[in-house]
file my_file33.txt (compact mmCIF, C-alpha atoms and all ligand atoms)
# COMPACT_ATOMS: atom_id res chain seq x y z
CA MET A 222 36.62 -6.06 53.01
CA ARG A 223 36.57 -3.46 50.36
CA THR A 224 37.51 -6.06 47.77
CA LEU A 225 34.84 -8.45 49.05
CA ALA A 226 32.24 -5.72 48.94
CA ARG A 227 33.29 -4.90 45.41
CA CYS A 228 33.07 -8.57 44.46
CA LEU A 229 29.59 -8.87 45.95
CA ALA A 230 28.53 -5.73 44.18
CA LEU A 231 29.77 -7.15 40.89
CA VAL A 232 27.90 -10.43 41.46
CA ALA A 233 24.77 -8.53 42.42
CA ALA A 234 25.07 -6.37 39.31
CA ALA A 235 25.51 -9.46 37.14
CA VAL A 236 22.45 -11.16 38.68
CA LEU A 237 20.39 -8.02 38.25
CA ALA A 238 21.51 -7.77 34.65
CA LEU A 239 20.29 -11.29 33.84
CA PRO A 240 16.66 -10.45 33.15
CA LEU A 241 17.87 -7.48 31.12
CA ALA A 242 20.01 -9.78 28.99
CA ALA A 243 17.01 -12.06 28.42
CA GLY A 244 14.94 -8.98 27.55
CA ALA A 245 17.56 -7.92 25.05
CA GLN A 246 16.46 -10.82 22.87
CA GLU A 247 13.32 -8.85 22.14
CA VAL A 248 14.07 -7.01 18.94
CA THR A 249 12.53 -3.64 18.07
CA LEU A 250 11.59 -2.77 14.49
CA LYS A 251 10.80 0.78 13.42
CA VAL A 252 7.75 1.09 11.15
CA VAL A 253 6.81 4.03 8.92
CA SER A 254 3.80 4.67 6.71
CA ALA A 255 3.99 6.14 3.21
CA PHE A 256 0.34 7.20 3.67
CA PRO A 257 -0.64 10.16 5.84
CA GLU A 258 -1.67 9.42 9.40
CA THR A 259 -5.32 10.39 8.83
CA SER A 260 -5.68 7.49 6.39
CA ILE A 261 -7.72 4.43 7.34
CA TYR A 262 -4.70 2.36 6.30
CA VAL A 263 -2.68 3.90 9.12
CA LYS A 264 -5.49 3.48 11.64
CA ARG A 265 -5.63 -0.22 10.86
CA LEU A 266 -1.84 -0.47 10.91
CA GLN A 267 -1.72 1.05 14.38
CA SER A 268 -4.34 -1.38 15.75
CA TRP A 269 -2.40 -4.25 14.24
CA ILE A 270 0.85 -3.01 15.81
CA GLU A 271 -0.86 -2.75 19.19
CA ARG A 272 -2.13 -6.32 18.97
CA ALA A 273 1.20 -7.64 17.73
CA ASN A 274 3.03 -5.91 20.57
CA GLN A 275 0.73 -7.46 23.15
CA GLU A 276 1.33 -10.91 21.77
CA GLY A 277 4.97 -10.38 20.98
CA LYS A 278 6.27 -9.50 24.43
CA GLY A 279 9.79 -10.85 24.82
CA ILE A 280 9.96 -11.73 21.11
CA LEU A 281 9.52 -8.65 18.96
CA ARG A 282 8.33 -5.09 19.29
CA LEU A 283 7.09 -2.72 16.57
CA THR A 284 7.45 1.02 16.99
CA PHE A 285 5.38 3.26 14.75
CA ILE A 286 7.49 6.26 13.76
CA GLY A 287 4.92 8.12 11.67
CA GLY A 288 3.73 8.99 8.19
CA PRO A 289 5.16 11.19 5.41
CA LYS A 290 6.25 13.85 7.91
CA ALA A 291 8.82 11.33 9.15
CA ILE A 292 9.80 10.08 5.69
CA PRO A 293 8.23 11.58 2.53
CA THR A 294 5.87 9.24 0.63
CA PHE A 295 8.12 8.63 -2.36
CA GLU A 296 11.26 8.11 -0.23
CA VAL A 297 9.89 5.35 1.98
CA GLY A 298 10.95 2.61 -0.46
CA ASN A 299 14.58 3.69 -0.35
CA ALA A 300 14.42 4.00 3.43
CA VAL A 301 13.40 0.33 3.60
CA ARG A 302 15.96 -0.72 0.99
CA THR A 303 18.84 0.92 2.85
CA GLY A 304 17.62 0.00 6.34
CA VAL A 305 16.94 3.54 7.58
CA VAL A 306 13.75 1.90 8.84
CA GLU A 307 13.19 -1.81 9.29
CA MET A 308 9.56 -1.84 8.15
CA ALA A 309 7.09 0.18 6.13
CA MET A 310 3.52 0.21 4.99
CA SER A 311 3.48 1.39 1.40
CA THR A 312 2.18 0.68 -2.08
CA GLY A 313 4.15 -0.26 -5.18
CA ALA A 314 3.43 3.05 -6.91
CA PHE A 315 5.36 4.87 -4.20
CA TYR A 316 8.64 3.01 -4.73
CA THR A 317 9.03 2.65 -8.49
CA ASN A 318 12.20 4.72 -7.87
CA VAL A 319 13.63 1.56 -6.25
CA PHE A 320 12.46 -0.88 -8.95
CA ALA A 321 9.76 -0.51 -11.61
CA GLU A 322 8.10 -3.89 -11.04
CA SER A 323 6.73 -2.65 -7.71
CA ASP A 324 3.82 -0.97 -9.49
CA ALA A 325 2.61 -4.33 -10.90
CA LEU A 326 0.91 -5.32 -7.64
CA LYS A 327 -2.10 -3.17 -8.58
CA LEU A 328 -2.65 -5.53 -11.53
CA THR A 329 -3.35 -8.70 -9.53
CA ARG A 330 -6.67 -10.33 -10.43
CA ILE A 331 -6.50 -12.96 -7.71
CA PRO A 332 -6.57 -12.33 -3.95
CA ILE A 333 -3.42 -12.51 -1.86
CA ALA A 334 -4.61 -15.77 -0.24
CA GLU A 335 -4.52 -17.33 -3.70
CA GLN A 336 -1.24 -15.64 -4.65
CA ARG A 337 0.30 -17.46 -1.70
CA LYS A 338 -0.86 -20.82 -3.09
CA THR A 339 0.01 -20.35 -6.76
CA GLY A 340 3.60 -19.19 -6.41
CA ALA A 341 2.77 -15.56 -7.20
CA TYR A 342 3.68 -14.51 -3.65
CA ASP A 343 7.01 -16.38 -3.83
CA TYR A 344 7.81 -14.77 -7.17
CA ILE A 345 7.00 -11.31 -5.78
CA ASN A 346 9.41 -12.05 -2.95
CA ARG A 347 12.15 -13.16 -5.34
CA VAL A 348 11.95 -9.87 -7.27
CA TRP A 349 11.47 -7.73 -4.15
CA SER A 350 14.51 -9.23 -2.44
CA GLN A 351 16.80 -9.04 -5.48
CA LYS A 352 15.80 -5.58 -6.65
CA GLY A 353 14.65 -3.86 -3.50
CA ASN A 354 16.48 -5.61 -0.66
CA MET A 355 12.99 -6.10 0.79
CA TYR A 356 10.99 -8.91 2.26
CA TYR A 357 7.34 -8.70 1.15
CA LEU A 358 5.49 -9.61 4.32
CA ALA A 359 1.77 -9.13 3.75
CA ARG A 360 -0.79 -7.42 1.57
CA ILE A 361 -3.17 -5.61 3.84
CA VAL A 362 -5.41 -3.82 1.32
CA GLU A 363 -7.30 -5.49 -1.53
CA HIS A 364 -10.87 -5.53 -2.91
CA GLN A 365 -10.54 -1.77 -3.45
CA PRO A 366 -10.74 -0.84 -7.12
CA PHE A 367 -9.27 2.51 -8.17
CA HIS A 368 -11.51 5.21 -9.62
CA LEU A 369 -11.18 8.44 -11.50
CA TYR A 370 -12.68 11.35 -9.55
CA LEU A 371 -13.54 14.51 -11.48
CA ASN A 372 -14.77 18.06 -11.15
CA LYS A 373 -15.64 18.36 -14.83
CA LYS A 374 -18.22 16.21 -16.53
CA ILE A 375 -17.25 13.78 -19.29
CA ASP A 376 -19.63 11.65 -21.37
CA LYS A 377 -17.12 9.18 -22.78
CA PRO A 378 -13.73 7.77 -21.73
CA ASP A 379 -11.80 10.73 -23.11
CA LEU A 380 -9.74 12.95 -20.82
CA THR A 381 -8.39 15.29 -23.49
CA GLY A 382 -7.94 18.76 -22.04
CA LEU A 383 -8.17 17.59 -18.43
CA LYS A 384 -5.37 17.77 -15.89
CA ILE A 385 -5.42 14.82 -13.52
CA ARG A 386 -3.46 14.14 -10.35
CA VAL A 387 -1.72 10.77 -10.59
CA THR A 388 0.82 8.44 -9.08
CA PRO A 389 2.45 5.71 -11.19
CA VAL A 390 -0.75 3.69 -10.58
CA TYR A 391 -2.79 5.77 -13.03
CA ARG A 392 -0.17 7.42 -15.22
CA ALA A 393 -0.23 5.04 -18.21
CA PHE A 394 -4.02 4.62 -18.26
CA PHE A 395 -5.01 8.28 -17.85
CA THR A 396 -2.35 9.33 -20.35
CA ALA A 397 -3.75 6.77 -22.83
CA LEU A 398 -7.17 8.42 -22.33
CA GLY A 399 -5.67 11.79 -23.33
CA ALA A 400 -5.18 13.41 -19.91
CA THR A 401 -2.40 15.74 -18.90
CA VAL A 402 -1.06 14.24 -15.68
CA MET A 403 0.57 15.67 -12.59
CA GLN A 404 2.10 13.46 -9.91
CA THR A 405 1.59 14.23 -6.22
CA ALA A 406 1.69 12.37 -2.94
CA PRO A 407 -1.71 11.91 -1.26
CA GLY A 408 -0.88 14.73 1.14
CA GLU A 409 -0.89 17.29 -1.67
CA VAL A 410 -4.16 16.40 -3.38
CA TYR A 411 -6.44 18.68 -1.34
CA THR A 412 -4.44 21.80 -2.13
CA ALA A 413 -4.20 20.87 -5.81
CA LEU A 414 -8.01 20.56 -5.94
CA GLU A 415 -8.57 23.71 -3.91
CA ARG A 416 -6.36 25.77 -6.20
CA GLY A 417 -7.90 24.25 -9.30
CA VAL A 418 -4.48 23.01 -10.39
CA VAL A 419 -6.11 19.68 -11.30
CA ASP A 420 -9.56 18.73 -12.64
CA GLY A 421 -9.54 15.37 -10.95
CA TYR A 422 -7.51 12.60 -9.38
CA GLY A 423 -7.15 8.88 -9.04
CA TRP A 424 -7.85 7.11 -5.75
CA PRO A 425 -9.41 3.81 -4.61
CA VAL A 426 -13.15 3.52 -3.99
CA GLY A 427 -12.60 4.12 -0.27
CA GLY A 428 -10.76 6.73 1.70
CA ILE A 429 -11.45 10.14 0.17
CA PHE A 430 -13.15 11.32 3.40
CA ASP A 431 -9.92 10.70 5.33
CA PHE A 432 -8.52 13.77 3.53
CA ASN A 433 -11.74 15.80 3.09
CA TRP A 434 -11.52 15.51 -0.69
CA GLN A 435 -15.33 15.09 -0.81
CA GLU A 436 -15.44 18.86 -0.30
CA ARG A 437 -13.68 19.28 -3.64
CA THR A 438 -15.09 16.37 -5.66
CA LYS A 439 -18.12 16.47 -7.99
CA PHE A 440 -18.00 13.13 -9.83
CA ARG A 441 -16.75 9.56 -9.48
CA VAL A 442 -16.31 7.63 -12.72
CA ASP A 443 -17.50 4.00 -12.74
CA PRO A 444 -16.43 1.31 -13.21
CA GLY A 445 -13.29 1.12 -11.13
CA PHE A 446 -10.15 -0.58 -12.40
CA TYR A 447 -7.20 -2.57 -10.94
CA ASP A 448 -7.09 -3.39 -7.23
CA ALA A 449 -5.49 -1.05 -4.70
CA GLU A 450 -2.55 -2.67 -2.99
CA VAL A 451 -1.04 -1.63 0.32
CA SER A 452 1.52 -3.93 1.87
CA LEU A 453 4.00 -4.40 4.69
CA LEU A 454 7.66 -4.42 3.66
CA VAL A 455 10.65 -5.43 5.76
CA ASN A 456 14.27 -4.48 5.11
CA LEU A 457 15.85 -7.76 3.99
CA ASP A 458 18.92 -7.49 6.23
CA ALA A 459 16.73 -6.82 9.26
CA TRP A 460 14.54 -9.77 8.25
CA LYS A 461 17.55 -12.09 7.97
CA LYS A 462 18.90 -10.93 11.33
CA LEU A 463 15.71 -12.05 13.11
CA SER A 464 15.73 -15.41 14.84
CA ALA A 465 13.55 -18.18 13.40
CA ALA A 466 11.07 -17.56 16.23
CA GLN A 467 10.91 -13.84 15.48
CA ARG A 468 10.43 -14.42 11.74
CA ASP A 469 7.74 -16.95 12.50
CA PHE A 470 6.00 -14.52 14.84
CA LEU A 471 6.05 -11.69 12.27
CA THR A 472 4.88 -14.01 9.51
CA ARG A 473 1.95 -15.13 11.60
CA GLN A 474 1.03 -11.56 12.54
CA GLY A 475 1.19 -10.60 8.86
CA LEU A 476 -1.06 -13.51 7.89
CA ALA A 477 -3.52 -12.58 10.62
CA PHE A 478 -3.63 -9.02 9.24
CA GLU A 479 -4.25 -10.37 5.72
CA ARG A 480 -7.09 -12.51 6.93
CA LEU A 481 -8.96 -9.31 7.83
CA ASN A 482 -9.02 -8.23 4.17
CA ASP A 483 -12.68 -9.07 3.63
CA PHE A 484 -13.27 -5.87 5.60
CA TRP A 485 -12.43 -3.97 2.41
CA LYS A 486 -15.43 -5.42 0.56
CA THR A 487 -17.87 -3.98 3.11
CA TYR A 488 -15.90 -0.76 3.33
CA ALA A 489 -16.18 -0.27 -0.46
CA GLN A 490 -19.98 -0.51 -0.24
CA GLU A 491 -20.11 1.91 2.69
CA GLU A 492 -17.86 4.42 1.00
CA ILE A 493 -19.97 4.37 -2.18
CA LYS A 494 -23.03 5.24 -0.06
CA ARG A 495 -21.17 7.90 1.84
CA GLN A 496 -20.01 9.52 -1.41
CA ALA A 497 -23.60 9.62 -2.68
CA GLN A 498 -24.70 11.24 0.60
CA ALA A 499 -21.95 13.81 0.19
CA GLY A 500 -23.41 14.73 -3.21
CA ILE A 501 -20.79 13.07 -5.37
CA GLN A 502 -22.45 12.10 -8.66
CA VAL A 503 -21.57 9.00 -10.63
CA ILE A 504 -20.51 9.11 -14.27
CA ARG A 505 -21.14 5.52 -15.30
CA PHE A 506 -19.84 3.80 -18.40
CA GLU A 507 -21.97 0.77 -19.16
CA GLY A 508 -21.84 -2.43 -21.16
CA ALA A 509 -19.14 -2.74 -23.79
CA GLN A 510 -17.82 0.74 -23.03
CA ALA A 511 -17.29 -0.22 -19.37
CA THR A 512 -15.52 -3.44 -20.34
CA GLN A 513 -13.31 -1.59 -22.82
CA TYR A 514 -12.49 1.08 -20.24
CA ARG A 515 -11.37 -1.51 -17.70
CA GLU A 516 -9.45 -3.62 -20.17
CA ARG A 517 -7.71 -0.57 -21.52
CA ALA A 518 -6.56 0.15 -17.99
CA TYR A 519 -4.97 -3.31 -17.68
CA GLU A 520 -3.42 -3.11 -21.16
CA ALA A 521 -1.85 0.27 -20.43
CA GLY A 522 -0.73 -0.89 -16.98
CA TRP A 523 1.00 -4.04 -18.21
CA ALA A 524 2.48 -2.29 -21.25
CA SER A 525 4.30 0.16 -19.00
CA ILE A 526 5.64 -2.64 -16.77
CA LEU A 527 6.68 -4.81 -19.72
CA LYS A 528 8.49 -1.91 -21.33
CA VAL A 529 10.90 -1.58 -18.41
CA SER A 530 10.94 -5.22 -17.27
CA PRO A 531 10.09 -7.65 -20.08
CA GLU A 532 10.99 -10.88 -18.26
CA HIS A 533 9.63 -10.28 -14.77
CA GLY A 534 6.73 -8.38 -16.32
CA ALA A 535 5.65 -11.36 -18.44
CA LYS A 536 6.01 -13.75 -15.51
CA LEU A 537 4.09 -11.46 -13.14
CA ARG A 538 1.31 -10.97 -15.69
CA GLU A 539 0.92 -14.71 -15.98
CA LEU A 540 0.96 -15.24 -12.20
CA PHE A 541 -1.43 -12.34 -11.51
CA SER A 542 -4.00 -13.25 -14.16
CA GLY A 543 -5.54 -16.13 -12.24
CA ARG A 544 -6.09 -18.03 -15.45
O1 LIG A 601 -1.74 7.84 -4.09
C1 LIG A 601 -2.39 7.08 -4.81
O2 LIG A 601 -3.38 7.44 -5.46
C2 LIG A 601 -1.99 5.67 -4.91
O3 LIG A 601 -1.15 5.37 -5.70
C3 LIG A 601 -2.63 4.70 -4.00
C4 LIG A 601 -2.21 3.36 -4.03
C5 LIG A 601 -2.81 2.44 -3.19
C6 LIG A 601 -3.80 2.84 -2.32
C7 LIG A 601 -4.21 4.15 -2.29
C8 LIG A 601 -3.63 5.09 -3.14
call {"tool": "encode", "arguments": {"input": "my_file33.txt", "output": "structure tokens"}}
result
Amino acid sequence: MRTLARCLALVAAAVLALPLAAGAQEVTLKVVSAFPETSIYVKRLQSWIERANQEGKGILRLTFIGGPKAIPTFEVGNAVRTGVVEMAMSTGAFYTNVFAESDALKLTRIPIAEQRKTGAYDYINRVWSQKGNMYYLARIVEHQPFHLYLNKKIDKPDLTGLKIRVTPVYRAFFTALGATVMQTAPGEVYTALERGVVDGYGWPVGGIFDFNWQERTKFRVDPGFYDAEVSLLVNLDAWKKLSAAQRDFLTRQGLAFERLNDFWKTYAQEEIKRQAQAGIQVIRFEGAQATQYRERAYEAGWASILKVSPEHGAKLRELFSGR
């Protein structure tokens, strides 16, 4: 009897375990953000994760771990490369310590939808996989030019004597304009402004209110330059371990996220208005001076990429030019 009971118990346990085994096919991927959690990028990421998790039941689950408190901004790239996390939202400037080409994504002059058609997206993925052990899933921020924000007035594109907060995004350009530069993660900008350690900073057209920098900002310099890039990265080993159905699901979710990118055009307009309402004045270069300012940005940007990566740099420049 005792043996029979044990047998029955074993069978029962096995039957009960069946749905669990089926459930085990759902894979969980940990996601971190290189941007602080107050950022609009993170808000949109979290909504996307929620939607994806609703649709992905039984296939794939995304767990948001957190922002730079979980993994510091400039270490997120290595965390993805080594598989400490399976996924991250970051920007190329934050993982130049993994490979220098990452910072070239700010130099795209064609939208991601077009990059996918022209081979630019495939080339990005070739470099990202070889050099970063990463799968480049989706670009979720575009149509957001970068700007120089200042607390001291300038009347020409000359930053001599000014100390400006940068990331790799702005380093070459602001240095070419004569600035002294200091690199910080977004999370340290407010304190740097408050203490007067810097006279200004680089940031896209949108988002300064997420960190209350409007309290410490007098001027925005127009025009903007480059195009802010924020993307979803997947550790390549984790990507390869997914089933075809899981990869397909994640690809489609990534594409759906990308298709929302027109949002950023409206957001740029709204943020410009909001800055004006907050009393931020515009220093505007016009005509030939504006064109020169912008082109100088691209020249300095590409020069610094080409210096460290002549072959990929040249190919990326061609693919990103849209000509
Ligand atoms: O921190 C930054 O200024 C930066 O490099 C960046 C990149 C993309 C979007 C927003 C900020």
call {"tool": "residues_near_ligand", "arguments": {"input": "my_file33.txt", "ligand": "ligand LIG 601 (chain A)", "cutoff": "9 Å", "atoms": "all atoms listed in the file", "output": "MDAnalysis selection string"}}
result
chainID A and resid 256 262 311:315 324 327 362 365 367 386:391 404:408 410 422:425 427:428 448:451
call {"tool": "closest_residue", "arguments": {"input": "my_file33.txt", "among": "A:Lys384, A:Arg337, A:Arg538, A:Lys494", "to": "Leu398 in chain A", "atoms": "all atoms listed in the file"}}
result
A:Lys384
call {"tool": "closest_residue", "arguments": {"input": "my_file33.txt", "among": "A:Ile280, A:Ala273, A:Ala334, A:Ala291", "to": "Glu247 in chain A", "atoms": "all atoms listed in the file"}}
result
A:Ile280
call {"tool": "closest_residue", "arguments": {"input": "my_file33.txt", "among": "A:Asp443, A:Glu436, A:Glu307, A:Glu539", "to": "Met355 in chain A", "atoms": "all atoms listed in the file"}}
result
A:Glu307
call {"tool": "closest_residue", "arguments": {"input": "my_file33.txt", "among": "A:Leu380, A:Ala518, A:Leu463, A:Ala499", "to": "Gly445 in chain A", "atoms": "only C-alpha atoms"}}
result
A:Ala518
call {"tool": "closest_residue", "arguments": {"input": "my_file33.txt", "among": "A:Val529, A:Ala465, A:Ala300, A:Ile261", "to": "Trp485 in chain A", "atoms": "only C-alpha atoms"}}
result
A:Ile261
call {"tool": "atom_distance", "arguments": {"input": "my_file33.txt", "atom1": "CA of Ile385 in chain A", "atom2": "CA of Met403 in chain A"}}
result
6.1 Å
call {"tool": "closest_residue", "arguments": {"input": "my_file33.txt", "among": "A:Phe446, A:Glu322, A:Phe295, A:Lys251", "to": "Thr512 in chain A", "atoms": "all atoms listed in the file"}}
result
A:Phe446
call {"tool": "atom_distance", "arguments": {"input": "my_file33.txt", "atom1": "CA of Ala341 in chain A", "atom2": "CA of Leu326 in chain A"}}
result
10.4 Å
call {"tool": "decode", "arguments": {"input": "my_file33.txt", "residues": "range 364-441 of chain A", "atoms": "C-alpha atoms", "output": "JSON list (two decimals), in the first residue's frame"}}
result
[["chain", "number", "residue", "atom", "x", "y", "z"],
["A", 364, "HIS", "CA", 14.01, 63.49, -33.99],
["A", 365, "GLN", "CA", 15.65, 65.03, -30.91],
["A", 366, "PRO", "CA", 18.56, 67.29, -31.83],
["A", 367, "PHE", "CA", 21.14, 68.01, -29.14],
["A", 368, "HIS", "CA", 21.65, 71.56, -27.88],
["A", 369, "LEU", "CA", 24.15, 73.51, -25.88],
["A", 370, "TYR", "CA", 22.58, 74.97, -22.72],
["A", 371, "LEU", "CA", 24.39, 77.85, -21.02],
["A", 372, "ASN", "CA", 24.39, 80.12, -18.01],
["A", 373, "LYS", "CA", 26.73, 82.65, -19.62],
["A", 374, "LYS", "CA", 25.88, 84.57, -22.74],
["A", 375, "ILE", "CA", 27.87, 84.10, -25.94],
["A", 376, "ASP", "CA", 27.43, 86.06, -29.19],
["A", 377, "LYS", "CA", 29.32, 83.74, -31.52],
["A", 378, "PRO", "CA", 30.16, 80.01, -31.64],
["A", 379, "ASP", "CA", 33.16, 80.37, -29.36],
["A", 380, "LEU", "CA", 33.27, 78.60, -26.00],
["A", 381, "THR", "CA", 36.74, 79.76, -24.95],
["A", 382, "GLY", "CA", 36.88, 80.16, -21.18],
["A", 383, "LEU", "CA", 33.69, 78.17, -20.57],
["A", 384, "LYS", "CA", 33.49, 74.87, -18.74],
["A", 385, "ILE", "CA", 30.86, 72.58, -20.22],
["A", 386, "ARG", "CA", 29.45, 69.29, -18.99],
["A", 387, "VAL", "CA", 29.74, 66.64, -21.71],
["A", 388, "THR", "CA", 29.48, 63.00, -22.57],
["A", 389, "PRO", "CA", 31.29, 61.58, -25.61],
["A", 390, "VAL", "CA", 28.37, 62.97, -27.68],
["A", 391, "TYR", "CA", 29.57, 66.56, -27.37],
["A", 392, "ARG", "CA", 33.24, 66.22, -26.47],
["A", 393, "ALA", "CA", 34.80, 66.68, -29.93],
["A", 394, "PHE", "CA", 32.46, 69.49, -31.01],
["A", 395, "PHE", "CA", 32.57, 71.58, -27.82],
["A", 396, "THR", "CA", 36.33, 71.11, -27.58],
["A", 397, "ALA", "CA", 36.67, 72.31, -31.19],
["A", 398, "LEU", "CA", 34.70, 75.43, -30.16],
["A", 399, "GLY", "CA", 37.27, 76.11, -27.42],
["A", 400, "ALA", "CA", 35.43, 74.80, -24.34],
["A", 401, "THR", "CA", 36.97, 73.11, -21.35],
["A", 402, "VAL", "CA", 34.93, 69.95, -20.92],
["A", 403, "MET", "CA", 33.97, 67.81, -17.96],
["A", 404, "GLN", "CA", 32.25, 64.46, -18.36],
["A", 405, "THR", "CA", 29.38, 63.45, -16.08],
["A", 406, "ALA", "CA", 26.45, 61.07, -16.17],
["A", 407, "PRO", "CA", 23.03, 62.75, -16.42],
["A", 408, "GLY", "CA", 22.49, 62.14, -12.71],
["A", 409, "GLU", "CA", 25.31, 64.52, -11.78],
["A", 410, "VAL", "CA", 24.40, 67.51, -13.94],
["A", 411, "TYR", "CA", 22.13, 69.28, -11.44],
["A", 412, "THR", "CA", 24.78, 69.37, -8.72],
["A", 413, "ALA", "CA", 27.44, 70.52, -11.19],
["A", 414, "LEU", "CA", 25.18, 73.44, -12.21],
["A", 415, "GLU", "CA", 24.18, 74.22, -8.64],
["A", 416, "ARG", "CA", 27.79, 74.42, -7.50],
["A", 417, "GLY", "CA", 28.80, 76.44, -10.54],
["A", 418, "VAL", "CA", 31.32, 73.77, -11.49],
["A", 419, "VAL", "CA", 30.11, 74.08, -15.10],
["A", 420, "ASP", "CA", 28.81, 77.02, -17.17],
["A", 421, "GLY", "CA", 26.62, 74.83, -19.30],
["A", 422, "TYR", "CA", 25.88, 71.37, -20.62],
["A", 423, "GLY", "CA", 24.82, 69.39, -23.62],
["A", 424, "TRP", "CA", 21.43, 67.67, -23.78],
["A", 425, "PRO", "CA", 18.74, 66.99, -26.39],
["A", 426, "VAL", "CA", 15.96, 69.51, -27.05],
["A", 427, "GLY", "CA", 13.64, 67.59, -24.71],
["A", 428, "GLY", "CA", 13.97, 66.30, -21.20],
["A", 429, "ILE", "CA", 15.66, 68.96, -19.06],
["A", 430, "PHE", "CA", 12.53, 69.28, -16.86],
["A", 431, "ASP", "CA", 12.83, 65.59, -15.92],
["A", 432, "PHE", "CA", 15.87, 66.61, -13.84],
["A", 433, "ASN", "CA", 14.84, 70.17, -12.86],
["A", 434, "TRP", "CA", 17.74, 71.64, -14.81],
["A", 435, "GLN", "CA", 15.44, 74.50, -15.93],
["A", 436, "GLU", "CA", 16.03, 75.90, -12.44],
["A", 437, "ARG", "CA", 19.72, 76.26, -13.29],
["A", 438, "THR", "CA", 19.60, 77.11, -17.01],
["A", 439, "LYS", "CA", 19.58, 80.61, -18.55],
["A", 440, "PHE", "CA", 20.11, 79.99, -22.28],
["A", 441, "ARG", "CA", 19.61, 77.39, -24.99]]
